[in-house]
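Working notes for the structure below.
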Amino acid sequence: MRYFQDPESSSWIRREPRPTTIVDPDTGQSLAITDGRDHKGVGDWLVVRPLAWRLGVTVAGVPRYLRGAWVGALGG
């Protein structure tokens with residue numbers, strides 16, 4: 001785990017040094033590698049994708065140890 005200072009707010013942010021890989025399950029193609037192991041990296045990546053593309057996403061696999069964080073982040 002590492003801490004970085006946000007240049008805008010000057011607050012410290014905890015970051016996991018391990019990345020998250022986003023993969024197309026149909027082709028096995030890697031779509032992206034995002035920072036950290038939480039919802040923020042993936043969410044930041046998803047929000048800049050076109051809406052039509054996001055509406056086509058039908059499966060999201062989340063490791064068991066992260067599921068609580070994802071449910072909270074997604075409002076579930």
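Each chain in the structure tokens gets a letter, A, B and so on, in the order shown; residues start at 1 in every chain, and ligands are counted from 1 in the order they appear.
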
Original post:
Can you list, as a list in words, every protein, DNA or RNA residue that comes within 12 Å of range 46-54 of chain A when you count only C-alpha atoms, leaving out same-chain residues fewer than 3 positions away?
Top reply: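 After dropping sequence-adjacent residues, the list is Ile22, Leu31, Ala32, Ile33, Thr34, His39, Lys40, Gly41, Val42, Gly43, Val57, Thr58, Val59 and Ala60 of chain A.
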
**OP:** Considering only C-alpha atoms, return as a list in words whatever protein or nucleic-acid residues lie within 9 Å of Arg2 in chain A, sequence-local ones (same chain, fewer than 5 positions apart) excluded.
**Re:**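 Once the nearby chain positions are removed, what remains is Ile13, Arg14, Arg15, Glu16 and Pro17 of chain A.
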
Keeping only N, CA and C atoms, write the selected residues as a PDB file, in the first residue's frame.
ATOM      1  N   ILE A  13      -3.981  10.187  -0.086  1.00  0.00           N
ATOM      2  CA  ILE A  13      -4.813   9.154  -0.684  1.00  0.00           C
ATOM      3  C   ILE A  13      -4.068   7.822  -0.612  1.00  0.00           C
ATOM      4  N   ARG A  14      -4.768   6.792  -0.131  1.00  0.00           N
ATOM      5  CA  ARG A  14      -4.166   5.459  -0.073  1.00  0.00           C
ATOM      6  C   ARG A  14      -4.365   4.786  -1.414  1.00  0.00           C
ATOM      7  N   ARG A  15      -3.311   4.204  -1.961  1.00  0.00           N
ATOM      8  CA  ARG A  15      -3.384   3.472  -3.228  1.00  0.00           C
ATOM      9  C   ARG A  15      -2.769   2.097  -3.044  1.00  0.00           C
ATOM     10  N   GLU A  16      -3.442   1.127  -3.605  1.00  0.00           N
ATOM     11  CA  GLU A  16      -2.890  -0.222  -3.650  1.00  0.00           C
ATOM     12  C   GLU A  16      -1.916  -0.273  -4.816  1.00  0.00           C
ATOM     13  N   PRO A  17      -0.738  -0.828  -4.631  1.00  0.00           N
ATOM     14  CA  PRO A  17       0.234  -0.861  -5.721  1.00  0.00           C
ATOM     15  C   PRO A  17      -0.109  -1.850  -6.825  1.00  0.00           C
TER      16      PRO A  17
END

**OP:** Work out how far apart CA of Arg18 in chain A and CA of Asp35 in chain A are and give it in Å to one decimal.
**Re:**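 Taking CA of Arg18 in chain A and CA of Asp35 in chain A, their separation equals 7.1 Å.
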
**OP:** Could you pull out the residues in range 10-56 of chain A that DSSP calls strand (DSSP E or B) from the backbone, as JSON, numbers by chain?
**Re:** {"A": [12, 13, 14, 15, 20, 21, 22, 23, 30, 31, 32, 33, 34]}
